Amino acid sequence: MEQNPAGRPASLTAQALSAAYASLSLSPVDVVRDVADVVAEREPELNAFWRYDLDAALYAAELSAARWRAGAPLGPIDGVPVTVKENLARAGVPMPAGNAGVAPVVPERSCPVVERIEESGGVILGSTVMPDWGMLSSGVSSLHGVTRSPWDPRLTTGGSSSGAGAAAAGGYGPLHVGTDIGGSIRLPGTWLGLTTLKPSAGRVPLDAPYLGRVAGPMTRTATDAALLLAVISRPDPRDWTALPPGQLELDDLTAGGTYDVAGLRVGLHVDAGCGLTVASDIRAAVEAAAGVFEAAGARVEPVAPFLTAELLRRLDEFWRVRSLVDLEALDPSGRSRVLPFIRRWVEAARDVSAGELMRDYTAIMRLQEVTARATEPFDLVLSPVAPVAAFPAEWPMPWGDSDEGMAHIGFTAPYNLSGQPAASVNCGFLIDGRAVGLQVSGRRFDDVGVLRAVHWFEQHRSAEAAPAFPIPAGPRSR
């Protein structure tokens with residue numbers, strides 16, 4: 001693995017950047033220029049951006065630099081480079097949802113996530129890509145082509161927050177926002193070695209809330225995830241599902257140096273109950289991670305499988321019908337441009353009756369119930385993020401081009417439906433170098449507890465499990 005270049009601005013954490021800005025030892029302008037060098041070197045291969053707005057970012061960085069010189073930053077991420085997924089509205093930026101068949105909506109107003117970032121002085125570099133309608137766990141898009149892993153461009157980034165994942169692992173600055181309806185933040189997290197968080201339902205206000213959908217941080221450290229969550233979780237009246245405004249204690253993930261996992265009741269969940277079987281080497285890495293918690297005094301207990309094949313099938317069918325409605329809204333020419341895999345996946349639901357769709361919805365309510373009941377006894381639940389490791393970049397799904405439904409999201413999707421926070425953090429590497437992510441979930445609303453546990457694990461995992469991200473070694477000569 002290529003060693004992470006110490007001190008290169010593009011490789012620094014957001015916290016380190018803010019400290020450097022405060023001391024005037026580093027300028028936001030220099031940081032954006034250094035990130036731009038990384039983008040120039042990596043982007044032709046990685047394909048992370050839908051819209052890359054370097055001129056606007058440099059202008060925002062100049063304004064930030066002036067504020068830091070005056071000792072008046074707007075917020076904790078002032079001057080820090082950020083990207084947002086293309087389905088998070090930015091005023092005037094088209095939103096095609098990764099799909100070559102749609103006529104992109106051009107929003108007049110930015111979404112809450114973007115407004116909170118800009119109000120805090122974050123420098124938005126641009127919008128990152130996603131696959132068609134966000135319904136693939138890869139970086140394959142009819143509009144954008146293939147997005148590739150910075151670790152190995154032959155491999156997938158995961159999806160649907162594919163561009164955000166590539167940007168985070170590849171050194172396009174420290175802070176990135178993805179969205180997640182069944183695993184779309186955590187799957188790139190596991191296959192790219194990132195630290196990510198799917199927040200509690202309603203924690204981060206959205207302008208288009210939907211069952212199970214959240215926006216959350218995709219970063220390289222838990223402290224940066226906490227920093228970004230503190231910004232984007234600020235209230236906005238447009239989200240009628242949002243949690244009441246509250247002050248999250250995210251400034252210190254060590255709880256003043258007192259945080260300890262000793263005494264916590266920790267569940268170990270390594271059999272989802274359906275879908276793909278967990279690969280033996282992935283299971284071993286997750287069990288080793290649980291051993292780190294147990295060695296520190298946590299009470300680790302097994303969690304029995306609680307998802308069934310029928311519940312997962314009905315969730316998949318519900319999503320197919322949802323996307324069928326989107327497909328049928330297109331004219332014949334537009335439909336022909338949708339990714340063939342997605343068209344086939346959608347068309348399989350054409351004969352679903354209204355009664356069956358209602359049974360699908362009822363099954364989703366049941367999925368919420370069984371997830372909450374199975375995990376409620378535990379402070380935390382540890383599991384794989386995905387049952388398999390990163391697959392070829394050209395494959396739309398972990399099994400290639402065949403239709404296996406959603407057989408790979410048995411560990412992630414339950415927490416979208418139950419509304420519980422769930423993070424990913426790297427817990428090891430396979431013998432061929434592919435990353436393995438540990439999912440850490442908690443009780444609903446305990447986003448802080450989950451992030452504290454992830455931060456603790458980052459400090460206590462073996463050195464071999466800590467990613468050395470493949471960020472280029474140094475800037476090009478100017």
# chains A, B, ... in the order shown; residues from 1 in each chain; ligands from 1
call {"tool": "residues_around", "arguments": {"residues": "Gly71 (chain A)", "least_positions_apart": "2", "cutoff": "10 Å", "atoms": "only C-alpha atoms", "output": "ChimeraX atom specification"}}
result
/A:21-24,65-69,73-74
call {"tool": "select_by_dssp", "arguments": {"residues": "region 107-318 of chain A", "states": "helix (DSSP H, G or I)", "output": "ChimeraX atom specification"}}
result
/A:112-119,132-134,162-170,186-192,222-232,280-295,309-318
call {"tool": "residues_around", "arguments": {"residues": "region 207-215 of chain A", "least_positions_apart": "5", "cutoff": "6 Å", "atoms": "only C-alpha atoms", "output": "list in words"}}
result
Cys111, Gly178, Thr179, Asp180, Ile181, Arg238, Asp239, Asn416 and Leu417 of chain A
call {"tool": "write_last_selection", "arguments": {"atoms": "N, CA and C atoms", "output": "PDB file, in the first residue's frame"}}
result
ATOM      1  N   CYS A 111     -30.034  22.619  -1.446  1.00  0.00           N
ATOM      2  CA  CYS A 111     -30.651  21.820  -0.404  1.00  0.00           C
ATOM      3  C   CYS A 111     -30.086  22.191   0.966  1.00  0.00           C
ATOM      4  N   GLY A 178     -22.417  11.927   1.101  1.00  0.00           N
ATOM      5  CA  GLY A 178     -23.146  10.976   0.274  1.00  0.00           C
ATOM      6  C   GLY A 178     -24.573  10.848   0.756  1.00  0.00           C
ATOM      7  N   THR A 179     -25.351  10.044   0.057  1.00  0.00           N
ATOM      8  CA  THR A 179     -26.696   9.710   0.513  1.00  0.00           C
ATOM      9  C   THR A 179     -26.829   8.202   0.551  1.00  0.00           C
ATOM     10  N   ASP A 180     -27.834   7.728   1.305  1.00  0.00           N
ATOM     11  CA  ASP A 180     -27.912   6.297   1.601  1.00  0.00           C
ATOM     12  C   ASP A 180     -29.372   5.923   1.805  1.00  0.00           C
ATOM     13  N   ILE A 181     -29.842   4.935   1.032  1.00  0.00           N
ATOM     14  CA  ILE A 181     -31.196   4.420   1.215  1.00  0.00           C
ATOM     15  C   ILE A 181     -31.194   2.943   1.586  1.00  0.00           C
ATOM     16  N   ARG A 238     -37.534  22.823   5.815  1.00  0.00           N
ATOM     17  CA  ARG A 238     -38.035  22.116   4.644  1.00  0.00           C
ATOM     18  C   ARG A 238     -38.224  20.624   4.873  1.00  0.00           C
ATOM     19  N   ASP A 239     -37.537  20.049   5.845  1.00  0.00           N
ATOM     20  CA  ASP A 239     -37.647  18.622   6.110  1.00  0.00           C
ATOM     21  C   ASP A 239     -38.664  18.396   7.224  1.00  0.00           C
ATOM     22  N   ASN A 416     -31.350   1.448   7.669  1.00  0.00           N
ATOM     23  CA  ASN A 416     -32.049   2.523   6.976  1.00  0.00           C
ATOM     24  C   ASN A 416     -33.526   2.535   7.351  1.00  0.00           C
ATOM     25  N   LEU A 417     -34.125   1.341   7.412  1.00  0.00           N
ATOM     26  CA  LEU A 417     -35.554   1.255   7.693  1.00  0.00           C
ATOM     27  C   LEU A 417     -35.869   1.483   9.156  1.00  0.00           C
TER      28      LEU A 417
END
call {"tool": "residues_around", "arguments": {"residues": "Leu192 (chain A)", "least_positions_apart": "4", "cutoff": "9 Å", "atoms": "only C-alpha atoms", "output": "tab-separated table (two decimals) with N, CA and C atoms, in the first residue's frame"}}
result
chain	number	residue	atom	x	y	z
A	149	SER	N	-11.90	2.81	-8.22
A	149	SER	CA	-11.30	2.91	-6.89
A	149	SER	C	-9.91	3.54	-6.96
A	150	PRO	N	-9.61	4.50	-6.08
A	150	PRO	CA	-8.23	5.02	-6.01
A	150	PRO	C	-7.22	3.97	-5.57
A	151	TRP	N	-7.67	2.95	-4.84
A	151	TRP	CA	-6.76	1.89	-4.41
A	151	TRP	C	-6.30	1.03	-5.58
A	156	THR	N	-14.27	-1.69	-8.07
A	156	THR	CA	-15.37	-0.77	-7.86
A	156	THR	C	-15.09	0.16	-6.68
A	157	THR	N	-15.76	1.29	-6.71
A	157	THR	CA	-15.82	2.18	-5.55
A	157	THR	C	-16.91	1.73	-4.59
A	158	GLY	N	-17.87	0.96	-5.10
A	158	GLY	CA	-19.13	0.79	-4.40
A	158	GLY	C	-20.06	1.94	-4.77
A	165	GLY	N	-17.13	8.51	-2.64
A	165	GLY	CA	-16.16	7.58	-2.11
A	165	GLY	C	-14.81	7.69	-2.77
A	166	ALA	N	-14.80	7.79	-4.11
A	166	ALA	CA	-13.53	7.94	-4.83
A	166	ALA	C	-12.83	9.22	-4.43
A	168	ALA	N	-13.10	10.85	-1.57
A	168	ALA	CA	-12.61	10.77	-0.19
A	168	ALA	C	-11.33	9.95	-0.11
A	169	ALA	N	-11.32	8.77	-0.73
A	169	ALA	CA	-10.14	7.91	-0.66
A	169	ALA	C	-8.99	8.42	-1.51
A	187	LEU	N	-21.39	1.14	1.83
A	187	LEU	CA	-20.77	0.22	0.87
A	187	LEU	C	-19.51	0.80	0.24
A	188	PRO	N	-19.53	2.05	-0.27
A	188	PRO	CA	-18.24	2.64	-0.66
A	188	PRO	C	-17.28	2.72	0.52
A	390	ALA	N	-14.52	-5.86	-2.61
A	390	ALA	CA	-14.67	-5.08	-3.84
A	390	ALA	C	-14.55	-5.96	-5.07
A	426	ASN	N	-12.73	0.93	8.62
A	426	ASN	CA	-11.90	-0.17	8.12
A	426	ASN	C	-11.39	-1.03	9.27
A	434	ARG	N	-7.55	-5.90	-0.71
A	434	ARG	CA	-8.87	-5.27	-0.68
A	434	ARG	C	-9.31	-4.99	0.76
A	435	ALA	N	-9.94	-3.83	0.94
A	435	ALA	CA	-10.33	-3.37	2.27
A	435	ALA	C	-11.56	-4.11	2.79
A	436	VAL	N	-11.65	-4.21	4.11
A	436	VAL	CA	-12.79	-4.83	4.79
A	436	VAL	C	-13.33	-3.83	5.81
A	437	GLY	N	-14.62	-3.52	5.70
A	437	GLY	CA	-15.22	-2.57	6.61
A	437	GLY	C	-16.02	-3.25	7.71
A	469	PHE	N	-4.03	5.79	2.84
A	469	PHE	CA	-4.80	6.08	1.64
A	469	PHE	C	-3.91	6.41	0.43
call {"tool": "atom_distance", "arguments": {"atom1": "CA of Ala272 (chain A)", "atom2": "CA of His460 (chain A)"}}
result
26.3 Å
call {"tool": "closest_residue", "arguments": {"among": "A:Ser353, A:Ser233, A:Thr412, A:Ser441", "to": "Leu382 (chain A)", "atoms": "only C-alpha atoms"}}
result
A:Ser441
call {"tool": "residues_around", "arguments": {"residues": "Asp55 (chain A)", "least_positions_apart": "5", "cutoff": "12 Å", "atoms": "only C-alpha atoms", "output": "compact mmCIF listing (two decimals) with C-alpha atoms, in the first residue's frame"}}
result
# COMPACT_ATOMS: atom_id res chain seq x y z
CA VAL A 29 -6.18 28.99 -1.30
CA VAL A 32 -7.58 24.16 -2.84
CA ARG A 33 -4.71 24.48 -5.32
CA ALA A 36 -6.70 20.67 -7.66
CA ALA A 60 -14.50 30.88 -2.00
CA ALA A 61 -11.06 29.96 -0.66
CA GLU A 62 -9.84 33.54 -1.11
CA VAL A 123 -15.42 25.28 0.03
CA ILE A 124 -17.52 23.14 -2.29
CA LEU A 125 -15.33 21.74 -5.05
CA GLY A 126 -18.25 20.28 -6.99
